[in-house]
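These notes concern the structure reproduced below.
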Amino acid sequence: MGLLRASEVARSIFDVDYARLWAEGKRAVIFDLDNTLGERRTSTLRPEVRALLENLSARGFSIGVLTNRRWRSVEELTAQLGPAIPVVRMAHKPSRKGYATLLGRLGVSAAEAVMIGDRTLTDVVGANRCRIHSIRVSGFSA
Ligand SMILES: [Mg+2]
């Protein structure tokens with residue numbers, strides 16, 4: 001497996017086949033923040049994103065966010081996500097460390113997790129190095 005190759009691609013977070021991922025044994029979804037869960041540098045979660053996250057939680061998925069952003073600019077978003085969704089910031093993707101931290105907080109193995117992000121060199125490479133199923137999205141689109 002090439003480290004640069006995503007396990008699969010999708011147009012946006014709204015186009016991922018979460019039902020199939022669940023059927024394949026995936027139990028946790030890790031999202032990148034910028035240009036994945038929202039626009040770049042956003043500090044607000046759009047209603048349709050909240051709805052998606054609530055839907056995924058209702059299906060039984062654990063959810064986490066892994067971002068290379070610094071803490072201060074992530075505080076507002078973290079508050080909006082609520083305590084059930086852990087956020088690891090300054091993750092230094094593609095470093096494995098942030099992924100490992102988040103897997104621990106979510107209580108799942110790498111094989112049970114998927115990583116969804118828009119950047120190959122950070123999101124995809126990092127996930128692949130950890131043997132986490134990687135999904136590259138074209139970007140955020142509401
Ligand atoms: Mg991104």
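Following the order of the structure tokens, chains are lettered A, B, ..., residues in each are numbered from 1, and ligands are numbered from 1.
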
Checklist entry - Mind listing the residues within 9 Å of ligand 1, only C-alpha atoms and all ligand atoms counted, as a list in words? => result Phe31, Asp32, Leu33, Asp34, Asn35, Thr36, Leu37, Gly38, Glu39, Arg40, Thr67, Asn68, Gly117, Asp118, Arg119, Thr122, Asp123, Gly139 and Phe140 of chain A

Any chance you could export the current selection's N, CA and C atoms as a compact mmCIF listing (two decimals), in the first residue's frame?
# COMPACT_ATOMS: atom_id res chain seq x y z
N PHE A 31 -12.34 12.97 12.11
CA PHE A 31 -12.42 14.01 11.10
C PHE A 31 -11.27 14.99 11.23
N ASP A 32 -10.74 15.39 10.08
CA ASP A 32 -9.91 16.58 9.99
C ASP A 32 -10.85 17.77 10.15
N LEU A 33 -10.30 18.92 10.49
CA LEU A 33 -11.15 20.10 10.70
C LEU A 33 -11.24 20.99 9.46
N ASP A 34 -10.12 21.64 9.10
CA ASP A 34 -10.16 22.63 8.03
C ASP A 34 -10.43 22.02 6.66
N ASN A 35 -11.42 22.56 6.00
CA ASN A 35 -11.82 22.13 4.66
C ASN A 35 -12.34 20.68 4.64
N THR A 36 -12.69 20.18 5.84
CA THR A 36 -13.31 18.85 5.92
C THR A 36 -14.61 18.96 6.71
N LEU A 37 -14.49 19.32 7.99
CA LEU A 37 -15.67 19.46 8.84
C LEU A 37 -16.29 20.86 8.70
N GLY A 38 -15.57 21.74 8.02
CA GLY A 38 -16.06 23.09 7.78
C GLY A 38 -15.11 23.80 6.84
N GLU A 39 -15.39 25.06 6.58
CA GLU A 39 -14.49 25.84 5.75
C GLU A 39 -13.15 26.02 6.46
N ARG A 40 -12.14 26.37 5.70
CA ARG A 40 -10.85 26.65 6.30
C ARG A 40 -10.96 27.72 7.38
N THR A 67 -6.68 17.73 14.41
CA THR A 67 -6.32 18.92 13.64
C THR A 67 -4.91 19.40 13.96
N ASN A 68 -4.28 19.97 12.99
CA ASN A 68 -2.96 20.55 13.21
C ASN A 68 -3.06 21.99 13.73
N GLY A 117 -10.30 13.27 5.69
CA GLY A 117 -9.64 14.57 5.58
C GLY A 117 -9.39 14.94 4.14
N ASP A 118 -9.03 16.20 3.94
CA ASP A 118 -8.87 16.72 2.57
C ASP A 118 -7.43 16.72 2.08
N ARG A 119 -6.47 16.47 2.99
CA ARG A 119 -5.07 16.61 2.57
C ARG A 119 -4.33 15.28 2.57
N THR A 122 -0.99 15.09 4.95
CA THR A 122 -1.21 15.07 6.40
C THR A 122 -2.22 13.99 6.78
N ASP A 123 -3.46 14.18 6.38
CA ASP A 123 -4.54 13.29 6.81
C ASP A 123 -4.36 11.85 6.32
N GLY A 139 -13.08 18.34 -0.37
CA GLY A 139 -13.11 19.54 0.46
C GLY A 139 -14.46 19.64 1.13
N PHE A 140 -14.64 20.78 1.83
CA PHE A 140 -15.93 20.99 2.49
C PHE A 140 -16.89 21.60 1.52

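Omitting A:Leu106 and its sequence neighbours fewer than 2 positions away, and counting only C-alpha atoms, the residues within 8 Å are Ala28, Ser62, Ile63, Gly64, Pro86, Leu102, Leu103, Gly104 and Val108 of chain A.
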
Can you write out the residues you just picked, keeping N, CA and C atoms, as a compact mmCIF listing (two decimals), in the first residue's frame?
# COMPACT_ATOMS: atom_id res chain seq x y z
N ALA A 28 -15.47 4.03 14.69
CA ALA A 28 -15.10 5.40 15.03
C ALA A 28 -14.74 6.16 13.76
N SER A 62 -18.33 6.32 17.39
CA SER A 62 -17.62 7.31 18.18
C SER A 62 -16.99 8.29 17.20
N ILE A 63 -16.88 9.53 17.62
CA ILE A 63 -16.39 10.58 16.72
C ILE A 63 -15.26 11.35 17.40
N GLY A 64 -14.24 11.67 16.61
CA GLY A 64 -13.14 12.48 17.12
C GLY A 64 -12.68 13.44 16.04
N PRO A 86 -14.01 14.09 21.38
CA PRO A 86 -12.67 14.55 21.71
C PRO A 86 -11.99 15.22 20.52
N LEU A 102 -5.87 9.88 19.97
CA LEU A 102 -7.30 9.92 19.71
C LEU A 102 -7.92 8.52 19.73
N LEU A 103 -7.23 7.55 19.17
CA LEU A 103 -7.74 6.17 19.22
C LEU A 103 -7.94 5.75 20.68
N GLY A 104 -6.98 6.11 21.54
CA GLY A 104 -7.09 5.79 22.95
C GLY A 104 -8.30 6.45 23.59
N VAL A 108 -11.00 2.68 20.59
CA VAL A 108 -11.09 1.76 19.45
C VAL A 108 -9.68 1.44 18.94

Checklist entry - From the list A:Ile85, A:Val137, A:Val65, A:Ile132, which residue is nearest A:Phe14 when using only C-alpha atoms? => result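 That would be A:Val137, the residue with the smallest distance to A:Phe14.
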
Checklist entry - To one decimal place, how far is atom CA of A:Trp22 from atom CA of A:Gly60 in Å? => result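 Between these atoms lies a distance of 8.8 Å.
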
Next on the checklist: What parts of chain A does DSSP call strand (DSSP E or B)? I'd like the answer as an MDAnalysis selection string.
Outcome noted: chainID A and resid 8:10 28:31 34 38 62:66 87:88 113:117 133:137

Checklist entry - What residues in stretch 71-109 of chain A get the DSSP label helix (DSSP H, G or I)? Please answer as an NGL selection string. => result :A and (72-81 or 96-106)

Dump as a PDB file, in the first residue's frame, selection limited to C-alpha atoms:
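Produced file again_15.pdb, reproduced below:
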ATOM      1  CA  ARG A  72      -6.890  28.966  20.724  1.00  0.00           C
ATOM      2  CA  SER A  73      -8.464  28.846  17.309  1.00  0.00           C
ATOM      3  CA  VAL A  74     -10.080  25.495  18.097  1.00  0.00           C
ATOM      4  CA  GLU A  75     -11.671  26.397  21.434  1.00  0.00           C
ATOM      5  CA  GLU A  76     -14.953  27.647  20.018  1.00  0.00           C
ATOM      6  CA  LEU A  77     -15.374  24.627  17.814  1.00  0.00           C
ATOM      7  CA  THR A  78     -14.509  22.252  20.622  1.00  0.00           C
ATOM      8  CA  ALA A  79     -17.225  23.835  22.747  1.00  0.00           C
ATOM      9  CA  GLN A  80     -19.738  23.420  19.949  1.00  0.00           C
ATOM     10  CA  LEU A  81     -18.804  19.788  19.456  1.00  0.00           C
ATOM     11  CA  ARG A  96       1.331   8.975  14.371  1.00  0.00           C
ATOM     12  CA  LYS A  97       1.145  10.425  17.857  1.00  0.00           C
ATOM     13  CA  GLY A  98      -2.101  12.372  17.563  1.00  0.00           C
ATOM     14  CA  TYR A  99      -3.837   9.438  15.904  1.00  0.00           C
ATOM     15  CA  ALA A 100      -2.724   7.138  18.721  1.00  0.00           C
ATOM     16  CA  THR A 101      -3.924   9.620  21.350  1.00  0.00           C
ATOM     17  CA  LEU A 102      -7.302   9.924  19.708  1.00  0.00           C
ATOM     18  CA  LEU A 103      -7.739   6.167  19.223  1.00  0.00           C
ATOM     19  CA  GLY A 104      -7.092   5.788  22.955  1.00  0.00           C
ATOM     20  CA  ARG A 105      -9.644   8.438  23.853  1.00  0.00           C
ATOM     21  CA  LEU A 106     -12.195   6.867  21.517  1.00  0.00           C
TER      22      LEU A 106
END

Next on the checklist: When you count only C-alpha atoms, which of these residues is closest to A:Ile13: A:Leu121, A:Ala58, A:Ile135, A:Ala113?
Outcome noted: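 So, comparing all the options, the nearest one is A:Ile135.
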
Checklist entry - Taking only C-alpha atoms into account, which of A:Arg89, A:Arg41, A:Arg129, A:Arg50 comes nearest A:Arg69? => result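 When distances to A:Arg69 are compared using only C-alpha atoms, the smallest one comes from A:Arg89.
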
Checklist entry - Leaving out A:Arg131 and any residue of its chain fewer than 5 positions from it, which residues lie within 10 Å of it when counting only C-alpha atoms, given as a PyMOL selection string? => result chain A and resi 1+3+109-111+113-114+125-126

Save out the residues we just selected, N, CA and C atoms, as a PDB file, in the first residue's frame.
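File written: out_6.pdb
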ATOM      1  N   MET A   1       0.842  -1.194   0.000  1.00  0.00           N
ATOM      2  CA  MET A   1       0.000   0.000   0.000  1.00  0.00           C
ATOM      3  C   MET A   1       0.879   1.246   0.000  1.00  0.00           C
ATOM      4  N   LEU A   3       1.766   4.989   0.801  1.00  0.00           N
ATOM      5  CA  LEU A   3       1.322   5.869   1.891  1.00  0.00           C
ATOM      6  C   LEU A   3       0.487   7.040   1.392  1.00  0.00           C
ATOM      7  N   SER A 109      -9.589   0.355  18.188  1.00  0.00           N
ATOM      8  CA  SER A 109      -8.333  -0.010  17.545  1.00  0.00           C
ATOM      9  C   SER A 109      -8.218   0.721  16.213  1.00  0.00           C
ATOM     10  N   ALA A 110      -7.022   0.733  15.648  1.00  0.00           N
ATOM     11  CA  ALA A 110      -6.832   1.353  14.336  1.00  0.00           C
ATOM     12  C   ALA A 110      -7.734   0.699  13.289  1.00  0.00           C
ATOM     13  N   ALA A 111      -7.909  -0.604  13.404  1.00  0.00           N
ATOM     14  CA  ALA A 111      -8.719  -1.327  12.417  1.00  0.00           C
ATOM     15  C   ALA A 111     -10.194  -0.936  12.479  1.00  0.00           C
ATOM     16  N   ALA A 113     -11.233   2.167  13.035  1.00  0.00           N
ATOM     17  CA  ALA A 113     -11.364   3.607  12.817  1.00  0.00           C
ATOM     18  C   ALA A 113     -11.225   3.970  11.334  1.00  0.00           C
ATOM     19  N   VAL A 114     -11.808   5.098  10.975  1.00  0.00           N
ATOM     20  CA  VAL A 114     -11.558   5.694   9.668  1.00  0.00           C
ATOM     21  C   VAL A 114     -11.142   7.141   9.897  1.00  0.00           C
ATOM     22  N   VAL A 125      -1.657  10.333   4.700  1.00  0.00           N
ATOM     23  CA  VAL A 125      -0.376   9.691   5.035  1.00  0.00           C
ATOM     24  C   VAL A 125      -0.355   9.274   6.510  1.00  0.00           C
ATOM     25  N   GLY A 126      -0.803  10.164   7.376  1.00  0.00           N
ATOM     26  CA  GLY A 126      -0.824   9.842   8.806  1.00  0.00           C
ATOM     27  C   GLY A 126      -1.690   8.637   9.108  1.00  0.00           C
TER      28      GLY A 126
END

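For the atom pair formed by atom CA of A:Glu54 and atom CA of A:Ala6, the distance is 25.6 Å, given to one decimal.
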
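Across the structure, atom CA of A:Tyr18 and atom CA of A:Leu52 are spaced 10.4 Å apart.
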
Item to check | 7 Å contact set for A:Ser134, only C-alpha atoms, chain neighbours under 4 positions out, as an MDAnalysis selection string | outcome: chainID A and resid 6:8 114:116 124 127:128

Using N, CA and C atoms, can you export the residues from the last selection as a short mmCIF file (atom, residue, chain, number, x, y, z; two decimals), in the first residue's frame?
data_model
loop_
_atom_site.label_atom_id
_atom_site.label_comp_id
_atom_site.auth_asym_id
_atom_site.auth_seq_id
_atom_site.Cartn_x
_atom_site.Cartn_y
_atom_site.Cartn_z
N ALA A 6 -5.15 7.09 -0.70
CA ALA A 6 -6.27 6.96 0.23
C ALA A 6 -6.98 5.63 0.00
N SER A 7 -7.52 5.06 1.07
CA SER A 7 -8.29 3.83 0.94
C SER A 7 -9.49 4.05 0.03
N GLU A 8 -10.07 5.25 0.11
CA GLU A 8 -11.16 5.61 -0.77
C GLU A 8 -11.26 7.13 -0.84
N VAL A 114 -11.81 5.10 10.98
CA VAL A 114 -11.56 5.69 9.67
C VAL A 114 -11.14 7.14 9.90
N MET A 115 -10.31 7.64 9.01
CA MET A 115 -9.89 9.04 9.05
C MET A 115 -10.40 9.72 7.80
N ILE A 116 -11.09 10.83 7.97
CA ILE A 116 -11.61 11.57 6.82
C ILE A 116 -10.96 12.94 6.79
N VAL A 124 -4.13 11.71 5.03
CA VAL A 124 -4.06 10.37 4.43
C VAL A 124 -2.77 9.65 4.82
N ALA A 127 -2.87 8.62 8.52
CA ALA A 127 -3.78 7.48 8.74
C ALA A 127 -3.16 6.20 8.20
N ASN A 128 -2.61 6.28 7.02
CA ASN A 128 -2.02 5.08 6.42
C ASN A 128 -0.85 4.55 7.27
#
